[in-house]
Amino acid sequence: MMYQFNTGGRSLNQFPGGGLGCLLFTVLLFVGGYYLLQGLYDLLLWAAPALLVLALIIDWRVFPDTIKSWLRSLETNPLSALISLALAVLVFPFFSLYIFLKAIGYRKMEQFRRQFGEAGAPRTKEEDFVEFEELESTPKHTHSEETELKPPPAKPEIQRPGKDQNPYDTFFN
């Protein structure tokens, strides 16, 4: 038995207003997104200096690492590096948020390294060499064994039945 729901004469996947309603909804979505991003931009523009100072306090290595990364990309792909620099200048508030979040990430990674004792810690001279024992080993096969040809195994002779015997008679007995 099938159940049918009354939705007022239209199917459930239709958008109210048809194509014009979809167009109107899309325009409203873009306008709302624009105002949301503009508000976020204004808020971050006001907070950008504080975010940069906090990033400097949290982990100062973010700034040289970002510059080194940009210089490396300038050497490998200059057009991409110049575009990324232009975007960093044009959307400076978002770039300052990126730097701030990167500093927080650096600090969190440093905490993980300390917590789990990562092998990236500097080694002492005593840890440079590890004691080991040299074992003598002999190869399994020598070169002379590989070059010697072994004769193929002898095939057993198959007895052929005579003309009056059927070779398939013995299969079903």
# chains A, B, ... in the order shown; residues from 1 in each chain; ligands from 1
$ residues_around --residues "A:Trp70" --least-positions-apart "4" --cutoff "7 Å" --atoms "only C-alpha atoms" --output "compact mmCIF listing (two decimals) with all heavy atoms, in the first residue's frame"
# COMPACT_ATOMS: atom_id res chain seq x y z
N THR A 66 56.38 32.68 7.38
CA THR A 66 55.50 33.14 6.30
C THR A 66 56.29 33.84 5.22
O THR A 66 56.06 33.62 4.02
CB THR A 66 54.42 34.08 6.87
OG1 THR A 66 53.72 33.41 7.93
CG2 THR A 66 53.43 34.49 5.80
N LEU A 74 58.09 32.54 -4.55
CA LEU A 74 58.53 33.54 -5.52
C LEU A 74 59.60 32.95 -6.44
O LEU A 74 59.64 33.26 -7.63
CB LEU A 74 59.06 34.78 -4.80
CG LEU A 74 59.42 35.99 -5.67
CD1 LEU A 74 58.18 36.50 -6.38
CD2 LEU A 74 60.04 37.08 -4.83
N ALA A 81 53.13 33.79 -6.53
CA ALA A 81 53.61 34.51 -5.34
C ALA A 81 53.17 35.96 -5.36
O ALA A 81 52.76 36.50 -4.32
CB ALA A 81 55.13 34.42 -5.26
$ select_by_dssp --residues "stretch 1-125 of chain A" --states "alpha helix (DSSP H)" --output "PyMOL selection string"
chain A and resi 18-58+62-76+78-90+92-116
$ residues_around --residues "stretch 50-57 of chain A" --least-positions-apart "5" --cutoff "8 Å" --atoms "only C-alpha atoms" --output "PyMOL selection string"
chain A and resi 62-63+96-97+99-101+103-104
$ write_last_selection --atoms "N, CA, C and O atoms" --output "PDB file, in the first residue's frame"
ATOM      1  N   VAL A  62      56.133  32.732  13.393  1.00  0.00           N
ATOM      2  CA  VAL A  62      55.148  32.714  12.317  1.00  0.00           C
ATOM      3  C   VAL A  62      55.527  33.708  11.222  1.00  0.00           C
ATOM      4  O   VAL A  62      55.397  33.410  10.030  1.00  0.00           O
ATOM      5  N   PHE A  63      56.012  34.864  11.610  1.00  0.00           N
ATOM      6  CA  PHE A  63      56.333  35.906  10.630  1.00  0.00           C
ATOM      7  C   PHE A  63      57.501  35.512   9.728  1.00  0.00           C
ATOM      8  O   PHE A  63      57.372  35.586   8.500  1.00  0.00           O
ATOM      9  N   SER A  96      45.588  38.897   8.568  1.00  0.00           N
ATOM     10  CA  SER A  96      46.003  38.992   9.976  1.00  0.00           C
ATOM     11  C   SER A  96      45.332  37.900  10.807  1.00  0.00           C
ATOM     12  O   SER A  96      45.954  37.353  11.723  1.00  0.00           O
ATOM     13  N   LEU A  97      44.088  37.566  10.484  1.00  0.00           N
ATOM     14  CA  LEU A  97      43.426  36.447  11.166  1.00  0.00           C
ATOM     15  C   LEU A  97      44.149  35.139  10.858  1.00  0.00           C
ATOM     16  O   LEU A  97      44.344  34.300  11.749  1.00  0.00           O
ATOM     17  N   ILE A  99      47.359  34.773  10.133  1.00  0.00           N
ATOM     18  CA  ILE A  99      48.623  34.776  10.880  1.00  0.00           C
ATOM     19  C   ILE A  99      48.360  34.437  12.353  1.00  0.00           C
ATOM     20  O   ILE A  99      49.103  33.662  12.975  1.00  0.00           O
ATOM     21  N   PHE A 100      47.307  34.995  12.915  1.00  0.00           N
ATOM     22  CA  PHE A 100      46.963  34.727  14.311  1.00  0.00           C
ATOM     23  C   PHE A 100      46.646  33.243  14.510  1.00  0.00           C
ATOM     24  O   PHE A 100      47.141  32.607  15.451  1.00  0.00           O
ATOM     25  N   LEU A 101      45.828  32.671  13.627  1.00  0.00           N
ATOM     26  CA  LEU A 101      45.480  31.251  13.746  1.00  0.00           C
ATOM     27  C   LEU A 101      46.694  30.353  13.507  1.00  0.00           C
ATOM     28  O   LEU A 101      46.825  29.296  14.129  1.00  0.00           O
ATOM     29  N   ALA A 103      49.771  31.144  14.350  1.00  0.00           N
ATOM     30  CA  ALA A 103      50.557  31.214  15.586  1.00  0.00           C
ATOM     31  C   ALA A 103      49.965  30.302  16.653  1.00  0.00           C
ATOM     32  O   ALA A 103      50.700  29.616  17.377  1.00  0.00           O
ATOM     33  N   ILE A 104      48.649  30.279  16.732  1.00  0.00           N
ATOM     34  CA  ILE A 104      47.996  29.373  17.693  1.00  0.00           C
ATOM     35  C   ILE A 104      48.304  27.921  17.324  1.00  0.00           C
ATOM     36  O   ILE A 104      48.582  27.091  18.197  1.00  0.00           O
TER      37      ILE A 104
END
$ closest_residue --among "A:Gly18, A:Pro93, A:Thr26, A:Thr76" --to "A:Leu45" --atoms "only C-alpha atoms"
A:Pro93
$ atom_distance --atom1 "atom CA of A:Thr170" --atom2 "atom CA of A:Ala154"
25.1 Å
$ closest_residue --among "A:Phe132, A:Tyr98, A:Phe116, A:Ile67" --to "A:Leu85" --atoms "only C-alpha atoms"
A:Ile67
$ residues_around --residues "A:Gln38" --least-positions-apart "6" --cutoff "12 Å" --atoms "only C-alpha atoms" --output "list in words"
Val31, Gly32, Leu44, Leu45, Val91, Pro93 and Phe94 of chain A
$ atom_distance --atom1 "atom CA of A:Glu110" --atom2 "atom CA of A:Ile58"
11.4 Å
$ atom_distance --atom1 "atom CA of A:Asp59" --atom2 "atom CA of A:Arg114"
15.5 Å
